[in-house]
Structures are given as structure tokens and as C-alpha cells.
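protein-v8.txt (compact mmCIF, C-alpha atoms)
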```
# COMPACT_ATOMS: atom_id res chain seq x y z
CA MET S 1 -22.41 2.15 -23.62
CA GLU S 2 -25.51 1.75 -21.46
CA LYS S 3 -25.26 2.19 -17.73
CA GLU S 4 -24.96 -0.93 -15.61
CA HIS S 5 -27.76 -1.26 -13.08
CA LEU S 6 -26.84 -1.13 -9.41
CA SER S 7 -28.52 -3.68 -7.18
CA LYS S 8 -30.71 -2.37 -4.38
CA ASP S 9 -28.70 -4.59 -2.05
CA LYS S 10 -25.60 -3.25 -0.35
CA PRO S 11 -22.47 -4.00 -2.40
CA LEU S 12 -20.29 -6.77 -1.03
CA LEU S 13 -17.09 -4.93 -1.94
CA SER S 14 -16.21 -1.25 -2.19
CA ILE S 15 -12.97 -0.51 -4.04
CA CYS S 16 -11.90 2.80 -2.54
CA ILE S 17 -9.53 4.93 -4.61
CA PRO S 18 -8.05 8.06 -3.00
CA THR S 19 -6.45 10.10 -5.78
CA TYR S 20 -4.63 13.33 -6.51
CA ASN S 21 -3.45 14.71 -9.87
CA ARG S 22 -3.00 11.37 -11.60
CA CYS S 23 -5.84 11.46 -14.08
CA GLU S 24 -4.02 9.37 -16.71
CA TYR S 25 -3.28 6.60 -14.20
CA LEU S 26 -6.78 6.84 -12.70
CA LYS S 27 -8.36 6.39 -16.13
CA GLU S 28 -6.40 3.19 -16.75
CA THR S 29 -7.22 1.88 -13.28
CA LEU S 30 -10.95 2.55 -13.70
CA GLU S 31 -10.95 0.95 -17.13
CA ASN S 32 -9.11 -2.07 -15.72
CA ILE S 33 -11.64 -2.62 -12.91
CA THR S 34 -14.84 -1.89 -14.85
CA SER S 35 -13.81 -4.16 -17.73
CA ASP S 36 -13.13 -7.08 -15.39
CA PRO S 37 -15.64 -9.95 -15.95
CA ASP S 38 -16.31 -10.04 -12.21
CA PHE S 39 -17.14 -6.35 -11.89
CA ASN S 40 -20.88 -6.42 -11.20
CA ASP S 41 -23.53 -4.90 -8.93
CA LYS S 42 -21.87 -6.50 -5.90
CA VAL S 43 -18.88 -4.23 -6.42
CA GLU S 44 -18.73 -0.46 -6.20
CA ILE S 45 -15.89 1.94 -6.92
CA VAL S 46 -15.54 5.04 -4.76
CA ILE S 47 -13.19 7.78 -5.94
CA SER S 48 -12.13 10.40 -3.40
CA ASP S 49 -10.38 13.29 -5.16
CA ASN S 50 -7.98 15.30 -3.00
CA ALA S 51 -8.74 18.58 -4.83
CA SER S 52 -6.86 17.66 -8.01
CA THR S 53 -5.97 20.41 -10.46
CA ASP S 54 -5.78 18.17 -13.55
CA ASN S 55 -8.61 16.36 -15.40
CA THR S 56 -9.37 13.92 -12.59
CA LYS S 57 -12.94 15.22 -12.20
CA GLU S 58 -13.73 14.79 -15.91
CA ILE S 59 -12.28 11.27 -16.00
CA ALA S 60 -14.16 10.20 -12.86
CA GLU S 61 -17.46 11.63 -14.07
CA LEU S 62 -17.06 9.82 -17.39
CA TYR S 63 -17.10 6.49 -15.55
CA CYS S 64 -19.84 7.61 -13.16
CA ASN S 65 -22.04 8.29 -16.19
CA LYS S 66 -21.33 4.81 -17.57
CA PHE S 67 -21.73 2.84 -14.33
CA GLU S 68 -24.14 3.47 -11.47
CA ASN S 69 -21.77 1.68 -9.11
CA VAL S 70 -18.92 4.13 -9.71
CA ARG S 71 -19.15 7.12 -7.36
CA TYR S 72 -17.05 10.29 -7.22
CA PHE S 73 -16.36 12.74 -4.39
CA ARG S 74 -14.14 15.80 -4.46
CA ASN S 75 -12.57 17.41 -1.39
CA ASN S 76 -12.57 21.21 -1.16
CA GLU S 77 -8.88 21.10 -0.29
CA ASN S 78 -6.01 18.64 -0.24
CA VAL S 79 -6.29 16.84 3.10
CA ARG S 80 -3.31 14.57 2.37
CA ASP S 81 -3.49 11.11 4.00
CA ALA S 82 -6.79 11.92 5.72
CA ASN S 83 -8.27 11.25 2.29
CA PHE S 84 -7.85 7.51 2.93
CA ASN S 85 -10.30 7.70 5.82
CA LEU S 86 -12.70 9.85 3.82
CA CYS S 87 -12.69 7.44 0.90
CA LEU S 88 -13.46 4.44 3.12
CA THR S 89 -16.28 6.18 5.00
CA ARG S 90 -17.86 7.43 1.77
CA ALA S 91 -18.27 3.85 0.56
CA THR S 92 -21.41 1.79 1.13
CA GLY S 93 -20.13 -1.78 0.76
CA GLU S 94 -19.98 -4.42 3.46
CA TYR S 95 -16.20 -4.58 2.97
CA ARG S 96 -14.21 -1.47 2.00
CA LYS S 97 -10.80 -1.97 0.41
CA LEU S 98 -8.22 0.70 -0.38
CA ASN S 99 -6.82 0.72 -3.90
CA ASN S 100 -4.02 2.94 -5.22
CA ASP S 101 -4.89 4.98 -8.31
CA THR S 102 -1.85 3.46 -10.03
CA CYS S 103 -2.70 -0.23 -9.53
CA ARG S 104 -4.41 -2.62 -11.91
CA ILE S 105 -6.07 -5.81 -10.73
CA LYS S 106 -4.68 -8.80 -12.59
CA GLU S 107 -6.96 -11.13 -14.53
CA GLY S 108 -8.96 -13.43 -12.27
CA LYS S 109 -7.89 -11.75 -9.04
CA LEU S 110 -11.08 -9.74 -8.43
CA LYS S 111 -12.88 -13.08 -8.49
CA ILE S 112 -10.55 -14.42 -5.77
CA ILE S 113 -11.22 -11.37 -3.59
CA LEU S 114 -15.00 -11.65 -3.99
CA GLU S 115 -15.04 -15.39 -3.32
CA ALA S 116 -12.93 -14.93 -0.17
CA LEU S 117 -15.41 -12.32 1.09
CA LYS S 118 -18.42 -14.52 0.28
CA ASP S 119 -16.85 -17.47 2.11
CA ASN S 120 -16.07 -15.33 5.17
CA GLU S 121 -19.57 -15.54 6.64
CA LYS S 122 -18.38 -14.76 10.19
CA LYS S 123 -16.74 -11.55 8.94
CA ILE S 124 -13.40 -12.31 10.49
CA PRO S 125 -11.03 -9.43 9.62
CA ILE S 126 -9.60 -10.26 6.21
CA PHE S 127 -6.74 -8.69 4.28
CA PHE S 128 -5.30 -9.22 0.81
CA CYS S 129 -1.51 -9.25 0.64
CA PRO S 130 0.97 -9.61 -2.25
CA ALA S 131 2.98 -12.79 -2.53
CA SER S 132 6.63 -12.32 -1.63
CA PRO S 133 9.80 -14.37 -1.04
CA PHE S 134 8.85 -14.73 2.63
CA LEU S 135 5.08 -15.15 2.16
CA LYS S 136 3.93 -17.64 -0.46
CA LYS S 137 0.49 -17.72 -2.10
CA GLY S 138 -2.19 -19.12 0.17
CA VAL S 139 -4.62 -18.33 2.98
CA TYR S 140 -3.16 -17.68 6.42
CA THR S 141 -4.90 -17.34 9.78
CA CYS S 142 -3.51 -14.99 12.42
CA SER S 143 -4.21 -15.19 16.14
CA GLY S 144 -3.44 -11.60 17.07
CA VAL S 145 -1.43 -8.45 16.51
CA ILE S 146 2.07 -9.92 16.91
CA ASP S 147 1.15 -12.91 14.77
CA ILE S 148 0.00 -10.79 11.82
CA ILE S 149 3.08 -8.55 12.10
CA ASN S 150 5.31 -11.63 12.08
CA LYS S 151 3.54 -13.11 9.07
CA VAL S 152 3.04 -10.00 6.94
CA GLY S 153 5.75 -7.63 8.20
CA PHE S 154 6.25 -4.36 6.35
CA TYR S 155 3.45 -5.15 3.90
CA LEU S 156 1.10 -3.91 6.62
CA GLY S 157 2.06 -0.45 5.38
CA TRP S 158 1.01 -1.28 1.83
CA ILE S 159 -2.14 0.73 1.06
CA LEU S 160 -3.53 -2.03 -1.13
CA MET S 161 -3.55 -4.48 1.76
CA PHE S 162 -5.91 -2.51 3.97
CA GLY S 163 -9.59 -3.28 4.05
CA ALA S 164 -12.31 -3.42 6.70
CA TYR S 165 -15.89 -4.47 7.21
CA GLN S 166 -18.30 -1.63 7.88
CA GLU S 167 -18.69 -2.60 11.52
CA ASP S 168 -14.92 -2.34 12.07
CA LEU S 169 -14.56 1.21 10.74
CA LYS S 170 -14.68 2.52 14.31
CA CYS S 171 -11.22 0.99 14.73
CA MET S 172 -9.97 3.71 12.39
CA ASP S 173 -10.56 6.27 15.15
CA VAL S 174 -6.95 6.02 16.34
CA ASP S 175 -4.51 8.64 17.58
CA LYS S 176 -4.00 11.34 14.94
CA LYS S 177 -0.24 10.87 15.24
CA TYR S 178 -0.56 7.79 13.04
CA VAL S 179 -1.87 9.94 10.20
CA GLN S 180 1.09 12.27 10.74
CA LEU S 181 3.40 9.25 10.60
CA GLN S 182 1.84 8.52 7.18
CA PHE S 183 1.01 4.97 8.21
CA ALA S 184 -2.51 5.28 9.59
CA GLN S 185 -3.48 2.12 7.70
CA VAL S 186 -1.00 0.12 9.82
CA ALA S 187 -2.61 1.27 13.07
CA TRP S 188 -6.09 0.65 11.62
CA THR S 189 -5.16 -2.91 10.70
CA LEU S 190 -3.63 -3.66 14.08
CA GLU S 191 -6.60 -2.15 15.94
CA ILE S 192 -9.01 -4.34 13.98
CA VAL S 193 -6.95 -7.48 14.62
CA LYS S 194 -6.61 -6.51 18.30
CA LYS S 195 -10.39 -6.16 18.57
CA HIS S 196 -11.08 -9.62 17.12
CA SER S 197 -7.89 -11.46 18.20
CA ALA S 198 -8.00 -13.03 14.77
CA ALA S 199 -7.49 -12.31 11.10
CA ILE S 200 -7.33 -13.96 7.70
CA VAL S 201 -4.64 -12.98 5.19
CA VAL S 202 -5.12 -14.01 1.57
CA VAL S 203 -1.80 -13.93 -0.27
CA ASP S 204 -1.67 -13.80 -4.05
CA ASP S 205 -0.21 -11.88 -6.96
CA PHE S 206 -3.18 -9.51 -7.10
CA TYR S 207 -1.88 -6.39 -8.80
CA LYS S 208 0.26 -4.89 -11.51
CA ILE S 209 1.64 -1.67 -10.06
CA PHE S 210 2.75 1.39 -12.00
CA ASP S 211 5.10 3.89 -10.37
CA PRO S 212 4.48 7.48 -11.50
CA PRO S 213 7.67 9.54 -11.91
CA LYS S 214 6.66 12.01 -9.19
CA LYS S 215 5.59 9.37 -6.71
CA GLY S 216 6.45 10.15 -3.11
CA GLY S 217 7.18 13.55 -1.64
CA TYR S 218 7.62 12.25 1.91
CA ASN S 219 10.92 11.44 3.61
CA PHE S 220 11.32 7.89 2.33
CA PHE S 221 13.67 6.20 4.81
CA LYS S 222 12.28 8.00 7.85
CA VAL S 223 8.72 6.97 7.04
CA GLN S 224 9.46 3.45 5.80
CA ILE S 225 11.73 2.52 8.73
CA THR S 226 11.46 4.86 11.73
CA ASN S 227 7.73 5.58 11.51
CA LEU S 228 6.73 2.01 10.72
CA PHE S 229 8.70 0.48 13.58
CA SER S 230 7.54 3.09 16.05
CA ILE S 231 4.01 1.80 15.40
CA PHE S 232 5.11 -1.84 15.60
CA SER S 233 6.77 -1.10 18.96
CA GLU S 234 3.66 0.59 20.35
CA TYR S 235 1.64 -2.49 19.46
CA GLY S 236 4.02 -4.78 21.33
CA LEU S 237 6.63 -5.98 18.84
CA LYS S 238 9.94 -6.48 20.65
CA GLY S 239 12.99 -8.67 21.08
CA LEU S 240 13.78 -11.25 18.41
CA ASP S 241 10.49 -10.58 16.61
CA TYR S 242 11.44 -6.91 16.29
CA GLU S 243 14.92 -7.73 14.95
CA ARG S 244 13.54 -10.32 12.54
CA GLN S 245 11.08 -7.85 11.03
CA LYS S 246 13.71 -5.13 10.79
CA TYR S 247 16.03 -7.52 8.93
CA ARG S 248 13.22 -8.60 6.63
CA LEU S 249 12.40 -4.98 5.80
CA PHE S 250 16.05 -4.35 4.95
CA LYS S 251 16.52 -7.50 2.90
CA TYR S 252 13.38 -7.28 0.79
CA HIS S 253 12.83 -3.54 0.53
CA ILE S 254 15.29 -1.04 1.99
CA LYS S 255 18.56 -2.38 0.53
CA ASN S 256 17.25 -1.99 -3.02
CA ARG S 257 16.11 1.56 -2.33
CA ILE S 258 19.56 2.41 -0.92
CA LYS S 259 21.11 1.23 -4.16
CA GLU S 260 18.61 3.07 -6.38
CA TYR S 261 18.27 6.35 -4.51
CA LEU S 262 21.57 6.82 -2.67
CA ILE S 263 24.20 4.88 -4.62
CA LEU S 264 23.03 5.14 -8.24
CA LYS S 265 21.23 8.45 -7.62
CA GLU S 266 18.18 7.45 -9.66
CA GLU S 267 15.53 10.15 -10.02
CA THR S 268 12.75 10.03 -7.44
CA GLY S 269 10.10 12.31 -6.01
CA PHE S 270 10.88 11.20 -2.45
CA ASP S 271 12.53 13.44 0.12
CA LEU S 272 15.97 11.92 0.80
CA SER S 273 17.22 14.45 3.34
CA ASP S 274 19.09 12.90 6.30
CA SER S 275 18.80 9.47 4.66
CA TRP S 276 22.21 8.23 5.81
CA LYS S 277 21.59 9.59 9.29
CA THR S 278 18.33 7.66 9.46
CA LEU S 279 19.87 4.47 8.09
CA PHE S 280 22.76 4.45 10.54
CA LYS S 281 20.43 5.30 13.41
CA GLU S 282 18.06 2.44 12.54
CA TYR S 283 20.57 -0.21 11.42
CA GLY S 284 23.78 1.01 13.05
CA LEU S 285 26.48 -1.62 13.15
CA ARG S 286 24.31 -4.55 12.15
CA PRO S 287 26.57 -6.76 9.99
CA TYR S 288 24.07 -7.29 7.18
CA PHE S 289 23.68 -3.53 6.73
CA LEU S 290 27.41 -2.76 6.71
CA SER S 291 28.31 -5.68 4.42
CA LYS S 292 25.69 -4.71 1.85
CA LEU S 293 26.81 -1.09 2.01
CA ILE S 294 30.43 -2.03 1.37
CA SER S 295 29.36 -4.32 -1.48
CA TYR S 296 27.37 -1.55 -3.17
CA TYR S 297 30.25 0.91 -2.96
CA ILE S 298 32.79 -1.57 -4.31
CA ARG S 299 30.56 -2.49 -7.24
CA ASN S 300 29.76 1.13 -7.98
CA SER S 301 33.45 2.10 -7.85
CA LEU S 302 34.40 -0.71 -10.21
CA HIS S 303 31.64 0.34 -12.58
CA LEU S 304 32.89 3.94 -12.60
CA LEU S 305 36.45 2.80 -13.26
CA LYS S 306 35.33 0.65 -16.15
CA SER S 307 33.31 3.52 -17.58
CA LYS S 308 36.34 5.83 -17.47
CA LYS S 309 38.49 3.22 -19.23
CA ASP S 310 35.85 2.78 -21.93
CA GLU S 311 35.77 6.55 -22.49
CA ARG S 312 39.50 6.50 -23.21
```

Rewrite the coordinates I just gave you, this time as C-alpha cells.
Amino acid sequence: MEKEHLSKDKPLLSICIPTYNRCEYLKETLENITSDPDFNDKVEIVISDNASTDNTKEIAELYCNKFENVRYFRNNENVRDANFNLCLTRATGEYRKLNNDTCRIKEGKLKIILEALKDNEKKIPIFFCPASPFLKKGVYTCSGVIDIINKVGFYLGWILMFGAYQEDLKCMDVDKKYVQLQFAQVAWTLEIVKKHSAAIVVVDDFYKIFDPPKKGGYNFFKVQITNLFSIFSEYGLKGLDYERQKYRLFKYHIKNRIKEYLILKEETGFDLSDSWKTLFKEYGLRPYFLSKLISYYIRNSLHLLKSKKDER
């Protein structure tokens, strides 16, 4: 296949893919994006390899040789989450958007992203969020930090949601503790919204996500609850807004992970040490937490009893 020609103009969109030892997933993701009808010279792909030891380099270079607007960088060592920052700063597009190496853009969704960027002539901070039970498809405007937290909630921690215009990259120069909390992208988003006192959130079913078997490695409940809400608190979330977001996180995310990881003991690459300690510290005697916990244990006990009877 002949190389596509890259326009001399700056790309409108940079799709930034930090990656590490997932060459099979990366290959499918690159094929998905480059075969999209709306992948053109206004879009670039930037791959930032965190010193992978598999065939990531060979896969990336294969696509670099086919497309001038696919670029590959390799770190000398694994710099962990700092690779997100590197990937974004290595891009050249007006708008730089993070993209997991395991996520495929659904048909027609790249077009929606590009059209939203073209229509945003004033370069108001814009983010692309998945549709959810509490956030329906549509375009939402936010008036500040608390407003975007209230609208988007825990999806602010979703890597795929983060993106920034080139002129807002300075907002990524936040306290290094946010990188250590493994949610630097949350602080980056809130700093950008704080700077402009405004944001646009486009909500749609953008991606099909594949979960690799060894996904994770970090302490799941500590990061997803304690670390996230420590950032929300520092940016001013409190009172009823704080409790509402904590409930929403539990209802739409945490309760299912409790069932999968702690009740059913499903295999995961996440660190689950001190999980119950974290959960009781964060949710304590909140009725919705205790009632769901009791429900899970009753159902699991009944299932075990039934299984034993069937074995007889």
C-alpha cells in the first residue's frame, strides 16, 4: 500500500497512544484508526512506547512506513504514567487526545470528533466522554470545575476522555503528586477548565474497549476511590456534591468490581491488597454500601449451596 501524504498544515487532531507490551492490541487499534474513512491528513497518530519488550516497535514501524501521519517514539526506560505527558507533548496537532492502546473507535465516531473540533472555533476546552446511565448522548456546556465534576463524575479519570489544545498543555504542569496518584489526567482536565471557566463535553458511544487479561497492576480500590476523591476535594468538591459523586461512583462502577474481584474472585491483574479496608474507610456505614454487600453475600451463599446440592 502506498504511503498517505501528510499535509503541510498542522493536523487538527493528534490521537496519542501511550503503550507498553500490548503489541497485539496496538496492531488492532492502529488498523482500526487508519482504516477509518475519516482518517486523513488532518489526523495524526502518535505512539509513545514505554520501553516495551515485545514486538511493539515492529508493529508501530509497520504503520509508520505505510502512513506519514503515524509517528513512533520509544522511551529508553519505562516511565510509567509519565508516558501520558510525553505522548501528548510529542504530538503536533492543534488538539491532542489520549487513546488507550486497547480501544477501537466505532464507525462514524471519528467524524463526530473531527466535526466537533472544527466547529469549536473559539477553542473552548472540549472533552469526549462515553454515554452512561447518568449522562445521555449530547453536547453539554460546563461553567467551571465543580460543574464538570458534577456532570461527568468519575469519567474524568477515564484516559480516553482527556484531550487538550496545544495552548493549554501548560496546564499539565501540575504537582507531581497527581502522577503518583495515577490520575494526572484528572488534574490536567480540572486545571484547563479552571483556566477558562468553561468547557464543552461531547457525550457519545465512541469506543469499543478490550480488556487485556493482565490489565492493571495498581491498587484498584485505593486508586479508583481514595486517590480520585482526594483530587476532587482539592479542587473544591464538598458537601452534597461530594456525596452525590461518591454514590454515583459506587452505583455505576465500584459495586460491580466488588462483586467481580472480591466476591466471585474473578482473575485480575489489579492489586487488591487492603481492598476491604479501603472500602469501609471510604463508604463506612453508608446504607447503600452495606445493603449491596449483604445482597452479594446472600446471593453468593445461595449459589454455593445450590452447587453443592447439584454435585450430590

Practice task
List the neighbours of stretch 281-286 of chain S out to 12 Å using all atoms listed in the file; skip same-chain residues closer than 6 positions along the sequence, and give me the result as a VMD selection string.
Solution key: chain S and resid 221 to 230 243 246 to 247 249 to 251 254 to 255 274 to 275 292 to 293

Handout entry: Two-atom distance - atom CA of S:Lys238, atom CA of S:Asp147 (Å)
Key =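 Atom CA of S:Lys238 sits 12.4 Å away from atom CA of S:Asp147.
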
Practice task
Could you tell me which of S:Ala199, S:Val179, S:Asn50, S:Leu160 comes closest to S:Lys122 if we count all atoms listed in the file?
Solution key: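 Closest candidate: S:Ala199.
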
Handout entry: Distance in Å - atom CA of S:Trp158 versus atom CA of S:Leu86
Key = 17.8 Å

Practice task
Go through S:Lys177, S:His253, S:Arg104, S:Lys137 one by one, measure the shortest atom-to-atom distance of each to S:Lys27 using all atoms listed in the file, and give the residue with the smallest value.
Solution key: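 Smallest distance to S:Lys27 is found for S:Arg104.
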
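Taking atom CA of S:Asn40 and atom CA of S:Phe128 as the two end points, the separation is 19.9 Å.
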
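For the set S:Phe289, S:Tyr140, S:Tyr63, S:Trp276, the residue with the smallest atom-to-atom gap to S:Ala198 is S:Tyr140, counting only C-alpha atoms.
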
Problem - Nearby residues (all atoms listed in the file) at most 9 Å from S:Ile113, same-chain spacing under 4 positions excluded, as number ranges by chain - result: S: 13, 109, 117-118, 128, 202, 206

If you keep C-alpha atoms, can you produce a file of those selected residues as a PDB file, in the coordinates of the input?
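What follows is the written file result08.pdb:
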```pdb
ATOM      1  CA  LEU S  13     -17.090  -4.930  -1.940  1.00  0.00           C
ATOM      2  CA  LYS S 109      -7.890 -11.750  -9.040  1.00  0.00           C
ATOM      3  CA  LEU S 117     -15.410 -12.320   1.090  1.00  0.00           C
ATOM      4  CA  LYS S 118     -18.420 -14.520   0.280  1.00  0.00           C
ATOM      5  CA  PHE S 128      -5.300  -9.220   0.810  1.00  0.00           C
ATOM      6  CA  VAL S 202      -5.120 -14.010   1.570  1.00  0.00           C
ATOM      7  CA  PHE S 206      -3.180  -9.510  -7.100  1.00  0.00           C
TER       8      PHE S 206
END
```

Problem - Polymer residues at most 9 Å from S:Glu28, only C-alpha atoms, same-chain spacing of 6 or more positions, as a count of residues only - result: 4

Exercise for the section: Find, counting all atoms listed in the file, the residue in S:Glu234, S:Asp173, S:Asp36, S:Glu267 that gets nearest to S:Asn85. Expected result: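 Using all atoms listed in the file, the shortest distance to S:Asn85 belongs to S:Asp173.
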
Edge lengths and centre, in Å to one decimal, as lines of an AutoDock Vina configuration file: that's what I need for the box along x, y and z that holds all listed atoms of stretch 104-110 of chain S plus 3 Å on each side.
```
center_x = -7.7
center_y = -8.0
center_z = -11.5
size_x = 12.7
size_y = 16.8
size_z = 12.1
```
